[in-house]
Amino acid sequence: MPSVGQTTRPFWLTTLSKLEGMTKPNLFSGMQPSSGSLHLGNYLGALVNWVKLQDEFNAFYCVVDLHAITVPQDPAVLRANTRLTAAQYLAAGIDPARSSLFVQSHVAAHSQLAWVLNTITGFGEAGRMTQFKDKSQKGGVESASVGLFTYPMLMAADILLYQSKAVPVGEDQRQHLELTRDLAERFNSRFGQTFTIPEAVILKETAKIYDLQNPDAKMSKSAADTKGLVNIMDDNSTIVKKFKSAVTDTDGEIRFDRAAKPGVSNLLGIFSAISGHTVQELETRFAGAGYGTLKGDLADLVVATIEPIRDRTNALLADQAELDRLLSAAADRASEVAEATLKQVNDRLGLLPKA
Ligand code: ATP
Ligand code: LTN
């Protein structure tokens with residue numbers, strides 16, 4: 001069994017999808033509607049990859065609203081952010097004709113399978129999840145919700161319901177994918193072959209985009225200070241300003257060295273991911289130039305990439321009825337697959353079917 005978290009798409013996934021011809025293998029991924037905009041880390045670390053993978057996989061892309069309520073939410077804001085997140089997926093290139101783009105809470109099977117997975121997860125096992133430890137510490141462990149604790153099992157349910165072969169995520173989700181695989185294997189060995197064992201698809205170069213002000217921390221929607229956070233919905237002048245004031249260092253050399261020069265390395269990493277040039281090519285191109293030149297060129301590149309996505313997002317949001325119709329049709333398609341898995345799970349568990 002290949003280990004979780006390949007740095008590039010494992011060869012067998014490509015081979016598999018070609019061999020299977022008409023029936024492409026399934027793929028699942030999701031993002032939380034926990035902010036008014038996706039950020040550059042979500043875009044480069046996840047979304048760009050999602051768009052590419054649509055060719056080879058039967059993809060299910062989900063706005064995971066049930067995950068978003070594991071921390072306090074304002075209902076009106078959550079509703080707006082759910083539509084906005086879906087619109088951003090589409091604007092970035094998710095094709096609703098090929099991929100099922102839907103809202104998690106529209107498919108009841110996610111909550112139902114999550115409960116079952118909770119019952120086969122060890123308390124200590126769940127307690128070792130670093131995302132829970134980080135997030136619960138922010139507001140104090142005592143006030144963290146039990147939902148935050150069981151978040152990884154809901155995520156496992158998302159993935160396993162669709163018999164997903166591949167799960168494209170950022171580096172920070174590696175541990176949750178390992179838990180998902182463990183739970184799938186455990187269920188299969190206790191109750192009989194039921195779940196496909198999923199594989200994380202993590203692109204090494206863009207696995208982690210860092211905060212521009214605090215380049216040791218990942219760029220995050222929930223950052224306390226938004227000065228280092230580049231959002232898809234930010235206007236152009238804000239984006240330029242954020243890059244111009246990015247934290248660097250004092251040695252003045254444009255060189256990739258994650259440990260000694262985290263700020264410059266992050267800028268080079270972002271530049272490389274968007275332009276397709278290697279970091280070495282960029283080091284050569286900017287040899288002898290000042291940080292101001294690097295920041296200015298990068299800001300222009302980011303603006304040119306993000307502006308059309310922002311414009312398309314706004315256009316999609318202007319026709320809310322059409323967006324809702326699209327989400328509803330995709331949820332129906334997703335439900336069919338999810339219900340089939342859930343039925344099998346309930347049966348294997350010995351839950352009495354309703355007459
Ligand atoms: P939060 O920090 O509030 O938990 P987030 O910004 O990490 O939120 P998520 O919704 O948790 O966003 O993540 C959506 C996807 O984006 C995941 O696949 C995650 O791995 C990826 N991702 C998030 N932040 C980054 C980042 N800084 N670099 C690369 N990928 C990222
Ligand atoms: N926890 C994930 C979001 C997520 C997800 C999923 C990703 C929820 N369910 C299923 C992949 C597959 C995160 O990115 N923070």
# chains A, B, ... in the order shown; residues from 1 in each chain; ligands from 1
>>> residues_near_ligand(ligand="ligand 1", cutoff="9 Å", atoms="only C-alpha atoms and all ligand atoms", output="number ranges by chain")
A: 29-35, 38-47, 63-64, 67-68, 131, 135, 167-174, 202, 206-211, 217-223
>>> residues_around(residues="A:Ile306", least_positions_apart="5", cutoff="9 Å", atoms="only C-alpha atoms", output="short mmCIF file (atom, residue, chain, number, x, y, z; two decimals) with C-alpha atoms, in the first residue's frame")
data_model
loop_
_atom_site.label_atom_id
_atom_site.label_comp_id
_atom_site.auth_asym_id
_atom_site.auth_seq_id
_atom_site.Cartn_x
_atom_site.Cartn_y
_atom_site.Cartn_z
CA LEU A 40 -3.89 32.53 -1.83
CA ALA A 92 -11.39 29.31 -10.33
CA ASN A 231 -7.60 37.09 -0.28
CA ILE A 232 -9.15 36.34 -3.66
CA MET A 233 -11.79 38.98 -2.92
CA ASP A 234 -9.24 41.69 -1.93
CA ASN A 236 -6.03 45.10 -6.47
CA LEU A 301 1.45 38.56 -11.20
CA ASP A 311 -14.77 39.26 -11.31
#
>>> residues_around(residues="A:Ala144", least_positions_apart="2", cutoff="10 Å", atoms="only C-alpha atoms", output="list of chain:residue names")
A:Thr70, A:Val71, A:Pro72, A:Phe132, A:Lys133, A:Lys135, A:Ser136, A:Gln137, A:Lys138, A:Gly139, A:Gly140, A:Val141, A:Glu142, A:Val146, A:Gly147, A:Leu148, A:Phe149
>>> closest_residue(among="A:Gln163, A:Gly296, A:His110, A:Phe286", to="A:Lys24", atoms="only C-alpha atoms")
A:Gln163
>>> select_by_dssp(residues="stretch 9-183 of chain A", states="helix (DSSP H, G or I)", output="VMD selection string")
chain A and resid 11 to 19 40 to 53 65 to 68 75 to 92 104 to 106 109 to 118 123 to 127 130 to 139 141 to 143 146 to 161 171 to 183
>>> residues_around(residues="stretch 119-126 of chain A", least_positions_apart="4", cutoff="8 Å", atoms="only C-alpha atoms", output="ChimeraX atom specification")
/A:115,149-150,152-153,183,186-187
>>> residues_around(residues="A:Ala108", least_positions_apart="2", cutoff="12 Å", atoms="only C-alpha atoms", output="list in words")
Leu66, Val103, Gln104, Ser105, His106, His110, Ser111, Gln112, Leu113, Ala114, Trp115, Leu154, Ala157, Asp158, Leu161, Ala331, Asp332, Ala334, Ser335, Glu336, Ala338, Glu339 and Leu342 of chain A
>>> closest_residue(among="A:Asn49, A:Ala76, A:Ala200, A:Ala86", to="ligand 2", atoms="only C-alpha atoms and all ligand atoms")
A:Ala200
>>> atom_distance(atom1="atom CA of A:Lys241", atom2="atom CA of A:Ile254")
20.0 Å
>>> residues_around(residues="A:Leu212", least_positions_apart="6", cutoff="9 Å", atoms="only C-alpha atoms", output="ChimeraX atom specification")
/A:219,227-230,242-243,245-248,263,266-267
>>> select_by_dssp(residues="stretch 86-275 of chain A", states="strand (DSSP E)", output="PyMOL selection string")
chain A and resi 100-103+166-168+199-201
>>> write_last_selection(atoms="C-alpha atoms", output="mmCIF file, in the first residue's frame")
data_model
loop_
_atom_site.group_PDB
_atom_site.id
_atom_site.type_symbol
_atom_site.label_atom_id
_atom_site.label_comp_id
_atom_site.auth_asym_id
_atom_site.auth_seq_id
_atom_site.Cartn_x
_atom_site.Cartn_y
_atom_site.Cartn_z
ATOM 1 C CA SER A 100 -20.223 17.627 -8.485
ATOM 2 C CA LEU A 101 -19.920 20.889 -6.575
ATOM 3 C CA PHE A 102 -22.266 20.759 -3.596
ATOM 4 C CA VAL A 103 -22.908 21.814 0.004
ATOM 5 C CA ALA A 166 -7.747 10.539 -4.241
ATOM 6 C CA VAL A 167 -8.048 13.491 -1.872
ATOM 7 C CA PRO A 168 -6.215 16.660 -2.927
ATOM 8 C CA GLU A 199 -4.767 8.534 -0.977
ATOM 9 C CA ALA A 200 -3.745 12.126 -0.179
ATOM 10 C CA VAL A 201 -2.579 14.101 -3.195
#
>>> atom_distance(atom1="atom CA of A:Gln88", atom2="atom CA of A:Val337")
24.7 Å
